[in-house]
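Okay, structure.cif now, which holds mmCIF, C-alpha atoms:
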```
data_upload
#
loop_
_atom_site.label_atom_id
_atom_site.label_comp_id
_atom_site.auth_asym_id
_atom_site.auth_seq_id
_atom_site.Cartn_x
_atom_site.Cartn_y
_atom_site.Cartn_z
CA MET A 21 -91.46 -23.33 31.58
CA THR A 22 -91.97 -22.16 28.02
CA PHE A 23 -90.96 -24.67 25.36
CA ILE A 24 -89.30 -22.87 22.44
CA ASN A 25 -88.85 -25.07 19.41
CA TYR A 26 -86.58 -23.42 16.85
CA ALA A 27 -86.85 -26.42 14.54
CA SER A 28 -90.63 -26.25 14.10
CA LYS A 29 -90.76 -22.52 14.98
CA GLU A 30 -93.19 -22.91 17.84
CA ILE A 31 -93.55 -21.42 21.30
CA ASN A 32 -95.57 -23.60 23.69
CA CYS A 33 -96.84 -22.15 26.96
CA LYS A 34 -98.87 -23.69 29.77
CA ILE A 35 -101.68 -21.82 31.52
CA VAL A 36 -103.42 -23.37 34.52
CA TYR A 37 -106.92 -22.45 35.74
CA TYR A 38 -107.01 -22.73 39.52
CA GLY A 39 -109.78 -22.22 42.07
CA PRO A 40 -112.15 -23.93 44.50
CA GLY A 41 -114.55 -26.72 43.51
CA LEU A 42 -117.44 -25.68 41.23
CA CYS A 43 -116.07 -22.15 40.66
CA GLY A 44 -116.24 -22.53 36.85
CA LYS A 45 -112.76 -23.49 35.69
CA THR A 46 -114.01 -26.17 33.30
CA THR A 47 -116.80 -23.81 32.14
CA ASN A 48 -114.13 -21.24 31.18
CA LEU A 49 -112.39 -23.84 29.03
CA GLN A 50 -115.64 -25.06 27.50
CA TYR A 51 -116.56 -21.52 26.47
CA ILE A 52 -113.14 -20.95 24.90
CA TYR A 53 -113.44 -24.29 23.10
CA ASN A 54 -116.91 -23.45 21.74
CA LYS A 55 -115.92 -20.00 20.54
CA THR A 56 -112.61 -20.86 18.90
CA ALA A 57 -112.32 -21.62 15.18
CA PRO A 58 -111.72 -25.35 14.53
CA GLU A 59 -108.33 -24.69 12.89
CA SER A 60 -107.09 -22.89 16.02
CA LYS A 61 -107.91 -25.53 18.58
CA GLY A 62 -107.24 -29.16 19.32
CA LYS A 63 -109.47 -31.64 21.03
CA MET A 64 -110.61 -30.74 24.53
CA ILE A 65 -109.92 -33.51 27.00
CA SER A 66 -111.80 -33.77 30.29
CA LEU A 67 -110.78 -36.37 32.82
CA ALA A 68 -113.92 -36.16 34.92
CA THR A 69 -115.98 -38.32 37.25
CA GLU A 70 -119.36 -39.70 36.20
CA ALA A 71 -120.92 -36.69 37.90
CA ASP A 72 -118.89 -34.37 35.66
CA ARG A 73 -116.57 -33.21 38.38
CA THR A 74 -112.96 -32.79 37.26
CA LEU A 75 -111.01 -35.82 38.44
CA PHE A 76 -107.53 -35.04 37.16
CA PHE A 77 -107.55 -32.21 34.60
CA ASP A 78 -109.19 -30.65 31.55
CA PHE A 79 -106.90 -29.86 28.66
CA LEU A 80 -107.35 -27.57 25.67
CA PRO A 81 -104.60 -26.78 23.14
CA LEU A 82 -105.03 -23.38 21.51
CA ASP A 83 -103.13 -21.76 18.59
CA LEU A 84 -103.14 -18.00 18.86
CA GLY A 85 -101.37 -17.35 15.57
CA SER A 86 -97.87 -16.29 14.75
CA ILE A 87 -95.53 -13.86 16.44
CA ARG A 88 -92.21 -13.01 14.79
CA GLY A 89 -92.55 -16.14 12.66
CA PHE A 90 -93.17 -18.41 15.65
CA THR A 91 -96.51 -20.21 16.06
CA THR A 92 -97.76 -19.34 19.53
CA ARG A 93 -99.50 -22.24 21.19
CA PHE A 94 -101.12 -22.18 24.61
CA HIS A 95 -101.96 -25.35 26.49
CA LEU A 96 -104.81 -24.61 28.88
CA TYR A 97 -105.28 -26.89 31.89
CA THR A 98 -107.70 -26.86 34.79
CA VAL A 99 -107.05 -28.47 38.15
CA PRO A 100 -109.59 -30.50 40.15
CA GLY A 101 -110.97 -27.98 42.64
CA GLN A 102 -112.17 -30.28 45.38
CA VAL A 103 -109.96 -30.06 48.47
CA PHE A 104 -109.11 -33.77 48.65
CA TYR A 105 -107.57 -33.81 45.14
CA ASP A 106 -104.56 -31.80 46.28
CA ALA A 107 -101.99 -34.36 45.11
CA SER A 108 -103.37 -34.19 41.55
CA ARG A 109 -103.59 -30.40 41.69
CA LYS A 110 -99.92 -30.17 42.51
CA LEU A 111 -98.99 -32.30 39.49
CA ILE A 112 -100.81 -30.04 37.04
CA LEU A 113 -98.81 -26.99 38.17
CA LYS A 114 -95.57 -28.59 37.00
CA GLY A 115 -93.91 -26.35 34.40
CA VAL A 116 -96.65 -23.73 34.48
CA ASP A 117 -96.11 -20.41 32.69
CA GLY A 118 -99.17 -18.54 33.93
CA VAL A 119 -102.08 -19.00 36.34
CA ILE A 120 -105.69 -17.83 36.22
CA PHE A 121 -107.47 -17.95 39.55
CA VAL A 122 -111.22 -18.35 39.14
CA ALA A 123 -112.98 -17.12 42.27
CA ASP A 124 -116.61 -17.94 43.06
CA SER A 125 -118.48 -14.68 43.80
CA GLN A 126 -121.03 -16.26 46.12
CA GLN A 127 -120.86 -15.27 49.79
CA GLU A 128 -120.80 -18.86 50.99
CA ARG A 129 -117.78 -19.71 48.80
CA MET A 130 -115.53 -16.91 50.01
CA GLU A 131 -113.76 -19.10 52.58
CA ALA A 132 -113.16 -21.70 49.85
CA ASN A 133 -111.66 -18.98 47.60
CA ILE A 134 -109.27 -17.87 50.32
CA GLU A 135 -108.25 -21.43 51.12
CA SER A 136 -107.69 -22.19 47.44
CA ILE A 137 -105.40 -19.17 46.90
CA ARG A 138 -103.35 -20.24 49.92
CA ASN A 139 -103.20 -23.72 48.45
CA LEU A 140 -102.08 -22.29 45.08
CA GLU A 141 -99.34 -20.27 46.73
CA GLN A 142 -98.10 -23.32 48.62
CA ASN A 143 -98.24 -25.70 45.66
CA LEU A 144 -96.43 -23.22 43.40
CA LYS A 145 -93.72 -22.90 46.03
CA GLU A 146 -93.24 -26.67 45.99
CA HIS A 147 -92.47 -26.44 42.27
CA GLY A 148 -90.06 -23.55 42.84
CA PHE A 149 -92.44 -20.83 41.64
CA ASP A 150 -93.52 -17.70 43.47
CA LEU A 151 -97.07 -16.41 43.06
CA ALA A 152 -95.64 -12.91 43.49
CA THR A 153 -93.73 -13.18 40.19
CA VAL A 154 -95.61 -15.74 38.09
CA PRO A 155 -97.93 -14.30 35.34
CA TYR A 156 -101.30 -14.22 37.07
CA ALA A 157 -104.87 -12.94 36.71
CA LEU A 158 -107.86 -13.06 39.03
CA GLN A 159 -111.37 -13.71 37.75
CA PHE A 160 -114.52 -13.04 39.80
CA ASN A 161 -116.90 -15.55 38.26
CA LYS A 162 -120.69 -15.99 38.52
CA ARG A 163 -121.43 -12.25 38.57
CA ASP A 164 -124.94 -13.02 37.23
CA ILE A 165 -126.03 -14.74 40.45
CA PRO A 166 -128.08 -12.59 42.89
CA ASN A 167 -126.49 -11.68 46.25
CA VAL A 168 -122.89 -11.94 45.08
CA ILE A 169 -120.19 -10.18 47.07
CA PRO A 170 -119.40 -6.67 45.75
CA VAL A 171 -116.36 -6.58 43.48
CA ASP A 172 -114.35 -4.16 45.63
CA GLU A 173 -114.84 -6.36 48.66
CA MET A 174 -113.70 -9.44 46.72
CA TYR A 175 -110.72 -7.50 45.43
CA ARG A 176 -109.71 -6.45 48.94
CA THR A 177 -109.89 -10.02 50.18
CA LEU A 178 -108.47 -12.00 47.26
CA ASN A 179 -106.07 -9.63 45.52
CA TYR A 180 -102.51 -10.90 45.91
CA LYS A 181 -100.24 -8.47 44.07
CA ARG A 182 -102.51 -5.99 42.31
CA GLU A 183 -102.92 -8.51 39.51
CA PRO A 184 -105.33 -7.79 36.62
CA THR A 185 -108.86 -8.62 37.75
CA PHE A 186 -111.92 -9.48 35.68
CA GLU A 187 -115.61 -9.85 36.37
CA ALA A 188 -117.00 -12.88 34.57
CA VAL A 189 -119.98 -15.05 33.80
CA ALA A 190 -118.23 -18.10 32.35
CA THR A 191 -121.49 -19.75 31.25
CA THR A 192 -122.21 -16.89 28.82
CA GLY A 193 -118.57 -16.00 28.20
CA VAL A 194 -118.46 -12.59 29.87
CA GLY A 195 -114.84 -11.87 30.85
CA VAL A 196 -113.56 -15.30 29.76
CA PHE A 197 -111.34 -14.21 26.85
CA ASP A 198 -110.28 -11.00 28.63
CA THR A 199 -108.89 -13.06 31.51
CA LEU A 200 -107.08 -15.45 29.18
CA LYS A 201 -105.60 -12.62 27.09
CA SER A 202 -104.32 -10.89 30.20
CA VAL A 203 -102.28 -13.88 31.32
CA ALA A 204 -101.14 -14.79 27.79
CA LYS A 205 -99.83 -11.22 27.39
CA GLN A 206 -97.98 -11.37 30.70
CA ILE A 207 -96.33 -14.63 29.63
CA LEU A 208 -95.15 -13.17 26.32
CA ILE A 209 -93.85 -10.04 28.06
CA GLU A 210 -91.90 -12.32 30.45
CA LEU A 211 -90.45 -14.08 27.42
CA LYS A 212 -89.37 -10.75 26.00
CA LYS A 213 -87.53 -9.86 29.22
CA ARG A 214 -85.39 -13.01 29.20
CA MET B 1 -89.52 -16.31 38.37
CA CYS B 2 -90.30 -19.22 36.07
CA ALA B 3 -87.92 -22.14 35.63
CA ALA B 4 -85.53 -22.03 32.69
CA ASP B 5 -87.17 -22.37 29.32
CA PHE B 6 -86.80 -25.55 27.35
CA VAL B 7 -85.14 -24.61 24.08
CA LEU B 8 -84.84 -26.94 21.12
CA TYR B 9 -82.64 -26.01 18.16
CA GLU B 10 -82.73 -27.40 14.64
CA GLU B 11 -79.55 -29.46 14.97
CA GLU B 12 -80.63 -31.38 18.09
CA PHE B 13 -84.13 -31.74 16.71
CA LYS B 14 -82.69 -33.56 13.68
CA HIS B 15 -80.59 -35.79 15.92
CA LEU B 16 -83.61 -36.63 18.08
CA GLU B 17 -85.73 -37.45 15.04
CA GLU B 18 -82.97 -39.64 13.67
CA ALA B 19 -82.70 -41.53 16.98
CA LEU B 20 -86.49 -42.00 17.08
CA ARG B 21 -86.60 -43.23 13.48
CA ARG B 22 -83.89 -45.76 14.26
CA LEU B 23 -85.72 -46.93 17.37
CA ARG B 24 -88.99 -47.30 15.48
CA GLN B 25 -87.31 -49.38 12.82
CA GLU B 26 -85.30 -51.59 15.17
CA ALA B 27 -88.21 -52.15 17.56
CA ASN B 28 -90.61 -52.75 14.67
CA ALA B 29 -92.96 -50.24 16.28
CA LYS B 30 -95.89 -48.33 14.77
CA ALA B 31 -94.91 -44.97 16.16
CA VAL B 32 -92.45 -43.41 18.58
CA PHE B 33 -92.90 -40.09 20.40
CA LEU B 34 -90.67 -38.01 22.59
CA ILE B 35 -92.60 -35.79 24.99
CA ASP B 36 -91.58 -33.16 27.50
CA LYS B 37 -92.62 -34.03 31.07
CA ASN B 38 -94.91 -31.00 30.99
CA GLY B 39 -96.93 -32.48 28.14
CA GLN B 40 -95.46 -30.88 25.01
CA GLN B 41 -94.43 -33.06 22.11
CA ILE B 42 -90.75 -32.75 21.19
CA ALA B 43 -90.33 -35.13 18.23
CA SER B 44 -91.87 -38.22 16.68
CA ALA B 45 -91.36 -40.95 14.09
CA GLY B 46 -93.50 -43.53 12.30
CA GLU B 47 -97.22 -43.67 11.64
CA VAL B 48 -97.95 -40.58 13.70
CA GLU B 49 -100.70 -39.15 11.50
CA GLN B 50 -103.23 -41.69 12.80
CA PHE B 51 -102.87 -40.34 16.36
CA ASP B 52 -104.03 -37.11 17.97
CA THR B 53 -100.48 -36.28 19.00
CA THR B 54 -101.28 -33.22 21.14
CA SER B 55 -103.76 -35.16 23.28
CA LEU B 56 -101.40 -38.12 23.40
CA ALA B 57 -98.61 -35.89 24.74
CA SER B 58 -100.77 -34.27 27.39
CA LEU B 59 -102.34 -37.51 28.62
CA THR B 60 -99.00 -39.32 28.69
CA ALA B 61 -97.46 -36.53 30.77
CA GLY B 62 -100.45 -36.67 33.13
CA ASN B 63 -100.09 -40.42 33.37
CA VAL B 64 -96.36 -40.21 34.13
CA ALA B 65 -96.90 -37.40 36.66
CA ALA B 66 -99.57 -39.43 38.47
CA THR B 67 -97.35 -42.53 38.48
CA ASP B 68 -94.43 -40.45 39.81
CA GLY B 69 -96.72 -39.31 42.61
CA LEU B 70 -97.60 -42.93 43.39
CA ALA B 71 -93.92 -43.91 43.43
CA LYS B 72 -93.11 -41.21 45.96
CA LEU B 73 -96.04 -42.28 48.14
CA ILE B 74 -94.52 -45.72 48.57
CA GLY B 75 -90.97 -44.42 48.91
CA GLU B 76 -89.71 -45.11 45.38
CA ARG B 77 -87.81 -42.43 43.43
CA GLU B 78 -89.75 -43.15 40.24
CA PHE B 79 -91.27 -45.94 38.17
CA SER B 80 -89.07 -45.59 35.13
CA VAL B 81 -91.16 -47.80 32.82
CA LEU B 82 -94.92 -48.00 32.26
CA PHE B 83 -96.57 -50.52 30.00
CA HIS B 84 -100.18 -50.56 28.83
CA GLU B 85 -101.35 -53.67 27.07
CA GLY B 86 -104.27 -53.47 24.66
CA GLN B 87 -105.94 -56.08 22.48
CA GLN B 88 -104.06 -54.97 19.38
CA ASP B 89 -101.87 -52.01 20.24
CA HIS B 90 -99.66 -51.56 23.26
CA ILE B 91 -97.89 -48.56 24.73
CA HIS B 92 -94.45 -48.62 26.32
CA ILE B 93 -93.58 -45.46 28.25
CA SER B 94 -90.18 -44.69 29.73
CA ILE B 95 -88.31 -41.71 31.15
CA VAL B 96 -85.31 -40.30 29.28
CA ALA B 97 -82.69 -38.01 30.83
CA LYS B 98 -85.02 -37.35 33.79
CA ARG B 99 -87.03 -34.75 31.88
CA ALA B 100 -88.51 -36.36 28.78
CA ILE B 101 -90.86 -39.25 28.13
CA LEU B 102 -90.31 -41.80 25.39
CA VAL B 103 -93.51 -43.42 24.08
CA VAL B 104 -93.43 -46.47 21.83
CA ILE B 105 -96.69 -47.69 20.30
CA PHE B 106 -96.48 -51.19 18.87
CA ASP B 107 -98.66 -54.12 17.87
CA ASP B 108 -98.11 -57.87 17.53
CA ARG B 109 -95.54 -57.42 14.79
CA SER B 110 -93.21 -56.61 17.68
CA SER B 111 -92.94 -57.77 21.29
CA LEU B 112 -92.50 -56.21 24.72
CA GLY B 113 -89.06 -57.82 25.06
CA LEU B 114 -87.82 -56.37 21.79
CA VAL B 115 -89.22 -52.93 22.56
CA ARG B 116 -87.62 -52.90 26.02
CA LEU B 117 -84.25 -53.91 24.57
CA ARG B 118 -84.30 -51.28 21.81
CA VAL B 119 -85.58 -48.56 24.14
CA LYS B 120 -82.63 -49.20 26.47
CA ARG B 121 -80.23 -48.72 23.58
CA ALA B 122 -82.02 -45.65 22.27
CA ASN B 123 -81.93 -44.12 25.76
CA VAL B 124 -78.16 -43.89 25.62
CA ASP B 125 -78.28 -41.89 22.36
CA LEU B 126 -81.14 -39.70 23.49
CA GLU B 127 -79.46 -38.83 26.78
CA LYS B 128 -76.38 -37.62 24.92
CA ILE B 129 -78.51 -35.37 22.70
CA PHE B 130 -80.34 -34.00 25.74
CA GLU B 131 -77.05 -33.16 27.41
CA VAL B 132 -76.06 -31.01 24.43
CA MET B 133 -79.53 -29.44 24.38
CA LEU B 134 -79.37 -28.51 28.03
CA GLN B 135 -75.92 -26.99 27.69
CA LYS B 136 -77.09 -24.87 24.76
CA GLY B 137 -80.26 -23.92 26.61
CA GLU B 138 -78.27 -22.77 29.64
CA ARG B 139 -76.01 -20.62 27.50
CA GLY B 140 -79.16 -19.05 26.10
CA PRO B 141 -79.94 -18.14 22.51
CA GLN B 142 -77.01 -15.72 22.47
CA GLY B 143 -74.67 -18.55 23.42
CA ALA B 144 -75.86 -20.57 20.47
CA ALA B 145 -74.30 -18.26 17.94
CA ALA B 146 -76.48 -19.20 14.99
CA HIS B 147 -79.68 -18.11 16.72
CA ALA B 148 -80.46 -14.60 17.88
CA SER B 149 -83.45 -14.56 20.22
CA PRO B 150 -86.50 -13.45 18.25
CA PHE B 151 -88.37 -12.63 21.46
CA SER B 152 -86.30 -9.75 22.74
CA GLU B 153 -87.69 -7.83 19.77
CA ILE B 154 -91.36 -8.56 20.50
CA THR B 155 -93.33 -5.33 20.71
CA ASP B 156 -96.62 -4.64 22.47
CA ASP B 157 -98.13 -4.28 18.98
CA ASP B 158 -97.03 -7.82 18.09
CA ILE B 159 -98.73 -9.12 21.21
CA ASP B 160 -101.90 -7.10 20.58
CA ALA B 161 -101.99 -8.33 16.97
CA LEU B 162 -102.01 -11.89 18.27
CA PHE B 163 -105.28 -11.17 20.02
CA GLY B 164 -106.77 -9.38 17.05
CA GLU B 165 -106.89 -6.03 18.83
#
```
What is this structure when it is put down as structure tokens?
Amino acid sequence: MTFINYASKEINCKIVYYGPGLCGKTTNLQYIYNKTAPESKGKMISLATEADRTLFFDFLPLDLGSIRGFTTRFHLYTVPGQVFYDASRKLILKGVDGVIFVADSQQERMEANIESIRNLEQNLKEHGFDLATVPYALQFNKRDIPNVIPVDEMYRTLNYKREPTFEAVATTGVGVFDTLKSVAKQILIELKKR
Amino acid sequence: MCAADFVLYEEEFKHLEEALRRLRQEANAKAVFLIDKNGQQIASAGEVEQFDTTSLASLTAGNVAATDGLAKLIGEREFSVLFHEGQQDHIHISIVAKRAILVVIFDDRSSLGLVRLRVKRANVDLEKIFEVMLQKGERGPQGAAAHASPFSEITDDDIDALFGE
């Protein structure tokens, strides 16, 4: 649900990074935070456990500049990936404008990827959204690890609606901004249609 | 399809700010914020410059969402008021018109009783303003004659420019 403020001339959108535990959602946000000019970003908040696992969410506010006189602001959130945090995950999806699914490219995490996309579909439905229509991009992360699953095989298994797909290494930033831009663009195009 | 957008026009924004200013004064509070349940700040009043308002909005919304989840777990519809007591500053959080969160930050120059009383009164005003906002939002920007939607005119070039392409 985009928040359009005519008084302060701002558009606020919410993008959620989704995916199984340890797939690199927080790493995506950390890279964006590190590479963004101080004037374009707010403080990054991580509600994490002592072992640095996301407990509730990470949050990063990002100003992308102005479009038709309106400051365009994206609020980036991650969800906790671990299966047993489903109740918290559901809460973060409230009012979402776009979703980035971060898939782990390692063979042994493929089942977790599949389960997490099913979980995303279900949790979106509970908020009245449909994954088939919501702005969405798929990121194949950890492409630098040996023995990863070939991209075309991952695509065949995880692709939901021929969404834009990106290969990434979130630790070094490969594909991180491309994925974000893709979903941000889809959100703005949606806004144009309404 | 996404849920309806939340649209705030100048006129209602002024009314909201006015209501918040009045509340801050009457409750003798440090600062008052109105936040969308999704974590976006709508309006504020008082000594707001000393707070990181974006983080405050996001964390408050997270807090309220988690508490809502707890309420449902035990069969309650919602916990409509949350109160956090600090050594010097305290936070009173309440739900307005089902979709917004009113945050009052106060210290020992005020009291919980006074804040609760004034918040109740302010709620009545705020709900009225929200009703108007929702009606306007449903009619869409075209319905609100003074505002033509600036977004129908967005071009692909505008979007590309945003990303420095």
Shell around region 91-108 of chain A at 6 Å using only C-alpha atoms, local window under 2 positions removed, as a list in words: Glu30, Ile31, Asn32, Cys33, Lys34, Ile35, Val36, Tyr37, Tyr38, Gly39, Pro40, Gly41, Thr74, Leu75, Phe76, Phe77, Asp78, Phe79, Leu80, Pro81, Leu82, Asp83, Leu84, Gly85, Ser86, Lys110 and Leu111 of chain A
Result set of the PyMOL selection byres ((chain B and resi 40) around 12) on the coordinates above, as a PyMOL selection string: (chain A and resi 21-25+30-34+81+93-96+115-116) or (chain B and resi 6+8+33-39+41-44+53-62+99-101)
Point-to-point distance from CA of Leu23 (chain B) to CA of Met133 (chain B), Å rounded to tenths: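 The value is 19.8 Å.
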Contact residues (chain B, partner chain A, 7 Å, only C-alpha atoms) as a list in words: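 Residues satisfying the distance criterion: Met1, Cys2, Ala3, Ala4, Asp5, Phe6, Val7, Leu8, Tyr9, Glu10, Phe13, Asn38, Ala65, Pro150, Phe151, Ser152, Ile154, Asp158, Ile159 and Leu162 of chain B.
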Test item: the PyMOL selection byres ((chain B and resi 84) around 12) resolved as number ranges by chain: B: 60, 63, 81-83, 85-94, 103-107, 112
Residue members of the PyMOL selection byres ((chain B and resi 125) around 12) in the file shown, as JSON, numbers by chain: {"B": [12, 15, 16, 17, 18, 19, 20, 22, 23, 96, 97, 118, 119, 120, 121, 122, 123, 124, 126, 127, 128, 129, 130, 131, 132]}
Phe186 (chain A) environment, 10 Å, all atoms listed in the file, sequence neighbours closer than 2 positions dropped, as a list in words: Val122, Ala157, Leu158, Gln159, Phe160, Asn161, Val171, Glu183, Pro184, Ala188, Val189, Val194, Gly195, Val196, Asp198, Thr199 and Ser202 of chain A
For CA of Gly46 (chain B) and CA of Lys14 (chain B), the interatomic separation in Å (one decimal):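 Between these atoms lies a distance of 14.8 Å.
The interatomic distance for the pair CA of Glu70 (chain A) and CA of Ala123 (chain A) works out to 24.2 Å.
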Which residue of A:Arg109, A:Asp172, A:Ala57, A:Glu135 approaches Ala66 (chain B) most closely, using only C-alpha atoms: A:Arg109
Nearest to Glu187 (chain A) by atom-to-atom distance, counting only C-alpha atoms, from A:Asn48, A:Asn139, A:Ser125, A:Asn133: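 With only C-alpha atoms as the atom set, the closest residue is A:Ser125.
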